[in-house]
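Data first, discussion second: the structure below is written as structure tokens.
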Amino acid sequence: MANSIRASVFFDIDETLCYHGEDPTKAVMEALERLKANGHRFFYCTARTVSTIPPCLVELEPDGVVSAAGSRVLAGNRIIYDRSISYRQIRPLVEKLLESKIPFMFETQKDSYRLNQFPLFEEGSFYLNDLREFDALGPDIAVSKMAFLTKKLFAQKEMQAQVRRLFELIVYSNGYCEAILSDVSKGLGIRMIMDFLDLPWSNSYAIGDNRYDQTMFSCVETGIAMGNGDPELKAAADYVTGTVQEDGVVQALKHFSLI
């Protein structure tokens, strides 16, 4: 039987709902639909920008989204927080990265752009050849996050230091790292949503896989780590579910009688 007390559940997307960039499995999609049908609230809490969330997840109409690791926060369709780096702030860094031939990409809330032959996320992104093409985007551009190949960036300590003046680096085991704004977090985004919607702390859940998802756990009653998650996150979790390949999200929702 589903839990009769209305819950609030915050889901990471990559390696939690989705495996290696694929759409969620049928079982995961059906579980989210049942969660909603049972009267519970659910939210996405992701390092992705809103524009890169899989359409099938958007179509489920979540109750809110924490995107770009907390840079933009939506309650329903209403933006309640929006933080970005302006064209004026980011241009000197982009110029230095181009000169240093470090592959990178940056994302706005609408689009993604790759430079210096950045090899990932080609589908749905735009390629820029030089600073002139960056400048052509216009002075109103606002950057929510960046991404790098870890080895390429870390090989140049001075460039790494310049990136860290604006961003915090999240390093993944696959040789890729994300640069998120240093004064935001998923946890802060969750807190904003819960305050704005006046949601109770009791019967609130967060599910993630990366050690940086610990900020989510501090803002909810129950933190759930994926079986494929980092050991550090598992140690901080109240419950460890199956892996993303085992549809661990479905297992967790059943364990807590939410579906």
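Every chain in the structure tokens has a letter given in the order shown (A, B, ...), and although residue numbers restart at 1 in each chain, ligands are simply numbered from 1 in the order shown.
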
Give me the range 128-147 of chain A side of the contact with range 112-120 of chain A, cut-off 9 Å, one line per residue showing its nearest atom pair and distance in Å at one decimal, counting only C-alpha atoms, sorted by chain and residue number, as CSV.
```
residue,atom,partner,partner_atom,distance
A:Leu128,CA,A:Leu115,CA,5.3
A:Asn129,CA,A:Leu115,CA,6.3
A:Asp130,CA,A:Leu115,CA,7.6
```

From the options A:Ile224, A:Met159, A:Ala75, A:Ala37, which residue's atoms come nearest to Thr243 in chain A, counting only C-alpha atoms? A:Ile224

Test item: residues at most 7 Å from range 81-94 of chain A, only C-alpha atoms, excluding those fewer than 2 positions along its chain, as a VMD selection string: chain A and resid 71 to 73 79 96 to 98 139 to 144

Save the residues we just selected, N, CA, C and O atoms, as a PDB file, in the first residue's frame?
```pdb
ATOM      1  N   SER A  71      21.850  26.356  -9.861  1.00  0.00           N
ATOM      2  CA  SER A  71      21.937  27.696 -10.449  1.00  0.00           C
ATOM      3  C   SER A  71      20.561  28.265 -10.788  1.00  0.00           C
ATOM      4  O   SER A  71      20.357  29.474 -10.743  1.00  0.00           O
ATOM      5  N   ARG A  72      19.648  27.382 -11.174  1.00  0.00           N
ATOM      6  CA  ARG A  72      18.266  27.816 -11.417  1.00  0.00           C
ATOM      7  C   ARG A  72      17.325  26.872 -10.684  1.00  0.00           C
ATOM      8  O   ARG A  72      17.480  25.658 -10.757  1.00  0.00           O
ATOM      9  N   VAL A  73      16.357  27.458  -9.991  1.00  0.00           N
ATOM     10  CA  VAL A  73      15.423  26.671  -9.193  1.00  0.00           C
ATOM     11  C   VAL A  73      14.007  27.044  -9.605  1.00  0.00           C
ATOM     12  O   VAL A  73      13.654  28.230  -9.645  1.00  0.00           O
ATOM     13  N   ILE A  79      10.191  30.416 -11.832  1.00  0.00           N
ATOM     14  CA  ILE A  79      11.597  30.528 -11.444  1.00  0.00           C
ATOM     15  C   ILE A  79      11.680  31.287 -10.121  1.00  0.00           C
ATOM     16  O   ILE A  79      11.275  32.445 -10.037  1.00  0.00           O
ATOM     17  N   LYS A  96      41.191  32.901 -22.512  1.00  0.00           N
ATOM     18  CA  LYS A  96      42.375  32.177 -22.043  1.00  0.00           C
ATOM     19  C   LYS A  96      42.285  30.685 -22.359  1.00  0.00           C
ATOM     20  O   LYS A  96      43.282  30.056 -22.728  1.00  0.00           O
ATOM     21  N   LEU A  97      41.100  30.123 -22.223  1.00  0.00           N
ATOM     22  CA  LEU A  97      40.919  28.706 -22.532  1.00  0.00           C
ATOM     23  C   LEU A  97      41.154  28.434 -24.011  1.00  0.00           C
ATOM     24  O   LEU A  97      41.771  27.428 -24.385  1.00  0.00           O
ATOM     25  N   LEU A  98      40.684  29.335 -24.871  1.00  0.00           N
ATOM     26  CA  LEU A  98      40.917  29.181 -26.308  1.00  0.00           C
ATOM     27  C   LEU A  98      42.406  29.278 -26.628  1.00  0.00           C
ATOM     28  O   LEU A  98      42.936  28.471 -27.399  1.00  0.00           O
ATOM     29  N   PRO A 139      26.128  40.166 -25.737  1.00  0.00           N
ATOM     30  CA  PRO A 139      26.477  40.484 -24.348  1.00  0.00           C
ATOM     31  C   PRO A 139      25.432  40.038 -23.322  1.00  0.00           C
ATOM     32  O   PRO A 139      25.687  40.127 -22.125  1.00  0.00           O
ATOM     33  N   ASP A 140      24.289  39.563 -23.781  1.00  0.00           N
ATOM     34  CA  ASP A 140      23.250  39.131 -22.838  1.00  0.00           C
ATOM     35  C   ASP A 140      23.383  37.662 -22.452  1.00  0.00           C
ATOM     36  O   ASP A 140      22.599  37.161 -21.634  1.00  0.00           O
ATOM     37  N   ILE A 141      24.375  36.962 -23.016  1.00  0.00           N
ATOM     38  CA  ILE A 141      24.526  35.546 -22.717  1.00  0.00           C
ATOM     39  C   ILE A 141      24.865  35.360 -21.241  1.00  0.00           C
ATOM     40  O   ILE A 141      25.627  36.140 -20.650  1.00  0.00           O
ATOM     41  N   ALA A 142      24.288  34.332 -20.630  1.00  0.00           N
ATOM     42  CA  ALA A 142      24.509  34.050 -19.210  1.00  0.00           C
ATOM     43  C   ALA A 142      24.874  32.580 -19.063  1.00  0.00           C
ATOM     44  O   ALA A 142      24.127  31.696 -19.492  1.00  0.00           O
ATOM     45  N   VAL A 143      26.020  32.296 -18.475  1.00  0.00           N
ATOM     46  CA  VAL A 143      26.548  30.936 -18.379  1.00  0.00           C
ATOM     47  C   VAL A 143      26.171  30.314 -17.033  1.00  0.00           C
ATOM     48  O   VAL A 143      26.431  30.899 -15.978  1.00  0.00           O
ATOM     49  N   SER A 144      25.581  29.129 -17.091  1.00  0.00           N
ATOM     50  CA  SER A 144      25.161  28.429 -15.882  1.00  0.00           C
ATOM     51  C   SER A 144      26.199  27.432 -15.395  1.00  0.00           C
ATOM     52  O   SER A 144      26.331  27.191 -14.198  1.00  0.00           O
TER      53      SER A 144
END
```

Can you check which residues of range 28-242 of chain A DSSP gives as strand (DSSP E or B) on the backbone and send them as a ChimeraX atom specification? /A:41-45,64-67,72-75,78-82,85-86,104-107,112-115,126-127,142-143,145-149,167-171,176-181,204-208,222-225,239-240

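Among the candidates A:Met146, A:Val240, A:Leu35, A:Met194, the one nearest to Val66 in chain A when counting only C-alpha atoms is A:Met194.
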
Do you have, as CSV, the list of residues of range 44-106 of chain A lying at most 12 Å from range 214-219 of chain A, each with its nearest atom pair and that distance in Å to one decimal, counting only C-alpha atoms and ordered by chain then number?
```
residue,atom,partner,partner_atom,distance
A:Tyr44,CA,A:Met216,CA,11.4
A:Cys45,CA,A:Met216,CA,8.4
A:Thr46,CA,A:Met216,CA,10.4
A:Val66,CA,A:Met216,CA,10.6
A:Ala69,CA,A:Thr215,CA,10.3
A:Gly70,CA,A:Met216,CA,10.6
```

Just asking: which residues within range 47-169 of chain A are helix (DSSP H, G or I) according to DSSP, as a ChimeraX atom specification? /A:50-52,55-58,68-70,87-100,131-135,150-154,157-164

Selected residues written out with N, CA and C atoms, as a compact mmCIF listing (two decimals), in the first residue's frame:
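Result saved to again-v9.txt:
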```txt
# COMPACT_ATOMS: atom_id res chain seq x y z
N VAL A 50 17.93 22.99 -17.53
CA VAL A 50 16.55 22.59 -17.84
C VAL A 50 16.42 22.10 -19.28
N SER A 51 17.12 22.77 -20.19
CA SER A 51 16.98 22.43 -21.62
C SER A 51 17.54 21.06 -21.96
N THR A 52 18.38 20.47 -21.10
CA THR A 52 18.98 19.17 -21.40
C THR A 52 18.35 18.02 -20.62
N PRO A 55 13.20 14.87 -22.59
CA PRO A 55 11.80 15.28 -22.79
C PRO A 55 10.79 14.37 -22.09
N CYS A 56 11.07 13.06 -22.05
CA CYS A 56 10.13 12.15 -21.41
C CYS A 56 9.97 12.45 -19.93
N LEU A 57 11.03 12.96 -19.28
CA LEU A 57 10.93 13.34 -17.87
C LEU A 57 10.20 14.67 -17.72
N VAL A 58 10.42 15.57 -18.65
CA VAL A 58 9.72 16.86 -18.61
C VAL A 58 8.22 16.64 -18.75
N ALA A 68 21.18 22.78 -13.11
CA ALA A 68 22.57 23.28 -13.12
C ALA A 68 23.15 23.29 -11.72
N ALA A 69 22.85 22.18 -10.98
CA ALA A 69 23.36 21.98 -9.61
C ALA A 69 22.96 23.09 -8.66
N GLY A 70 21.85 23.76 -8.96
CA GLY A 70 21.34 24.80 -8.07
C GLY A 70 21.38 26.20 -8.63
N TYR A 87 28.32 37.59 -19.50
CA TYR A 87 29.26 37.66 -20.63
C TYR A 87 30.53 38.40 -20.22
N ARG A 88 30.37 39.51 -19.53
CA ARG A 88 31.54 40.30 -19.12
C ARG A 88 32.45 39.51 -18.18
N GLN A 89 31.86 38.73 -17.29
CA GLN A 89 32.64 37.95 -16.33
C GLN A 89 33.33 36.75 -16.98
N ILE A 90 32.65 36.11 -17.92
CA ILE A 90 33.15 34.85 -18.47
C ILE A 90 34.09 35.05 -19.66
N ARG A 91 34.00 36.17 -20.35
CA ARG A 91 34.79 36.35 -21.57
C ARG A 91 36.29 36.20 -21.36
N PRO A 92 36.89 36.81 -20.33
CA PRO A 92 38.34 36.64 -20.14
C PRO A 92 38.75 35.18 -19.96
N LEU A 93 37.92 34.40 -19.27
CA LEU A 93 38.22 32.98 -19.08
C LEU A 93 38.11 32.24 -20.40
N VAL A 94 37.07 32.51 -21.18
CA VAL A 94 36.90 31.86 -22.48
C VAL A 94 38.10 32.18 -23.38
N GLU A 95 38.54 33.42 -23.38
CA GLU A 95 39.68 33.82 -24.20
C GLU A 95 40.93 33.03 -23.81
N LYS A 96 41.19 32.90 -22.51
CA LYS A 96 42.37 32.18 -22.04
C LYS A 96 42.29 30.69 -22.36
N LEU A 97 41.10 30.12 -22.22
CA LEU A 97 40.92 28.71 -22.53
C LEU A 97 41.15 28.43 -24.01
N LEU A 98 40.68 29.34 -24.87
CA LEU A 98 40.92 29.18 -26.31
C LEU A 98 42.41 29.28 -26.63
N GLU A 99 43.08 30.23 -26.01
CA GLU A 99 44.52 30.40 -26.23
C GLU A 99 45.30 29.17 -25.75
N SER A 100 44.83 28.56 -24.65
CA SER A 100 45.53 27.41 -24.06
C SER A 100 45.18 26.10 -24.74
N LEU A 131 36.99 33.05 -30.60
CA LEU A 131 36.44 34.09 -29.72
C LEU A 131 35.45 34.98 -30.46
N ARG A 132 35.69 35.18 -31.73
CA ARG A 132 34.79 36.01 -32.52
C ARG A 132 33.39 35.41 -32.53
N GLU A 133 33.31 34.09 -32.69
CA GLU A 133 32.01 33.43 -32.70
C GLU A 133 31.36 33.45 -31.31
N PHE A 134 32.20 33.39 -30.27
CA PHE A 134 31.66 33.53 -28.92
C PHE A 134 31.07 34.92 -28.73
N ASP A 135 31.81 35.94 -29.15
CA ASP A 135 31.34 37.32 -29.01
C ASP A 135 30.05 37.56 -29.78
N THR A 150 39.04 16.27 -17.65
CA THR A 150 39.81 16.48 -16.41
C THR A 150 41.31 16.54 -16.67
N LYS A 151 41.83 15.57 -17.41
CA LYS A 151 43.27 15.50 -17.62
C LYS A 151 43.79 16.74 -18.34
N LYS A 152 43.05 17.21 -19.34
CA LYS A 152 43.47 18.39 -20.11
C LYS A 152 43.51 19.64 -19.24
N LEU A 153 42.48 19.83 -18.42
CA LEU A 153 42.42 21.02 -17.57
C LEU A 153 43.45 20.94 -16.46
N PHE A 154 43.57 19.79 -15.80
CA PHE A 154 44.45 19.67 -14.65
C PHE A 154 45.93 19.70 -15.04
N LYS A 157 47.95 24.05 -14.50
CA LYS A 157 47.55 24.48 -13.16
C LYS A 157 47.05 25.92 -13.13
N GLU A 158 47.65 26.78 -13.93
CA GLU A 158 47.21 28.17 -13.93
C GLU A 158 45.79 28.30 -14.46
N MET A 159 45.47 27.55 -15.52
CA MET A 159 44.12 27.61 -16.06
C MET A 159 43.12 27.00 -15.08
N GLN A 160 43.53 25.92 -14.42
CA GLN A 160 42.65 25.31 -13.43
C GLN A 160 42.32 26.32 -12.32
N ALA A 161 43.33 27.08 -11.90
CA ALA A 161 43.12 28.08 -10.86
C ALA A 161 42.16 29.17 -11.32
N GLN A 162 42.26 29.57 -12.59
CA GLN A 162 41.36 30.60 -13.11
C GLN A 162 39.92 30.10 -13.15
N VAL A 163 39.75 28.84 -13.52
CA VAL A 163 38.40 28.27 -13.54
C VAL A 163 37.83 28.25 -12.12
N ARG A 164 38.66 27.89 -11.16
CA ARG A 164 38.20 27.76 -9.78
C ARG A 164 37.87 29.12 -9.14
```

So that I can check the surroundings of Pro54 in chain A, please list as a VMD selection string every protein, DNA and RNA residue that reaches within 10 Å of it, counting only C-alpha atoms and ignoring chain neighbours fewer than 4 positions away. chain A and resid 13 18 21 to 24 48 50 58 to 59

Write the residues you've just listed into a file as a PDB file, in the first residue's frame, and include C-alpha atoms for each of them.
```pdb
ATOM      1  CA  ILE A  13      18.938  12.318 -13.030  1.00  0.00           C
ATOM      2  CA  CYS A  18      19.113   7.535 -16.366  1.00  0.00           C
ATOM      3  CA  GLY A  21      22.718   9.426 -20.834  1.00  0.00           C
ATOM      4  CA  GLU A  22      19.970   7.062 -21.986  1.00  0.00           C
ATOM      5  CA  ASP A  23      16.302   7.698 -21.251  1.00  0.00           C
ATOM      6  CA  PRO A  24      14.934   6.107 -18.055  1.00  0.00           C
ATOM      7  CA  ARG A  48      21.771  19.373 -16.084  1.00  0.00           C
ATOM      8  CA  VAL A  50      16.553  22.590 -17.837  1.00  0.00           C
ATOM      9  CA  VAL A  58       9.719  16.857 -18.615  1.00  0.00           C
ATOM     10  CA  GLU A  59       6.418  15.435 -19.872  1.00  0.00           C
TER      11      GLU A  59
END
```

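Counting only C-alpha atoms and comparing A:Phe126, A:Phe121, A:Tyr205, A:Phe11, the residue that lies closest to Tyr176 in chain A is A:Phe121.
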
Excluding Glu232 in chain A and its own-chain neighbours fewer than 5 positions away, which residues fall within 9 Å of it when counting only C-alpha atoms? Please give them as a ChimeraX atom specification. /A:210-211,214,237

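Closest to Phe104 in chain A among A:Ala179, A:Leu60, A:Leu197, A:Ile80 is A:Ala179, based on only C-alpha atoms.
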
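For the pair CA of Ser8 in chain A and CA of Leu199 in chain A, the interatomic distance is 7.7 Å.
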
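Here CA of Lys145 in chain A is placed at a distance of 11.9 Å from CA of Lys110 in chain A.
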
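Comparing the minimum interatomic distances between Val171 in chain A and each of A:Ile190, A:Ile259, A:Leu149, A:Leu137, counting only C-alpha atoms, we find that A:Leu149 sits nearest.
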
Restricting the calculation to only C-alpha atoms: of A:Glu61, A:Asp230, A:Asp209, A:Glu107, which residue gets closest to Gly248 in chain A? A:Asp209

In Å and to one decimal, CA of Phe106 in chain A is distant from CA of Gly189 in chain A by 20.9 Å
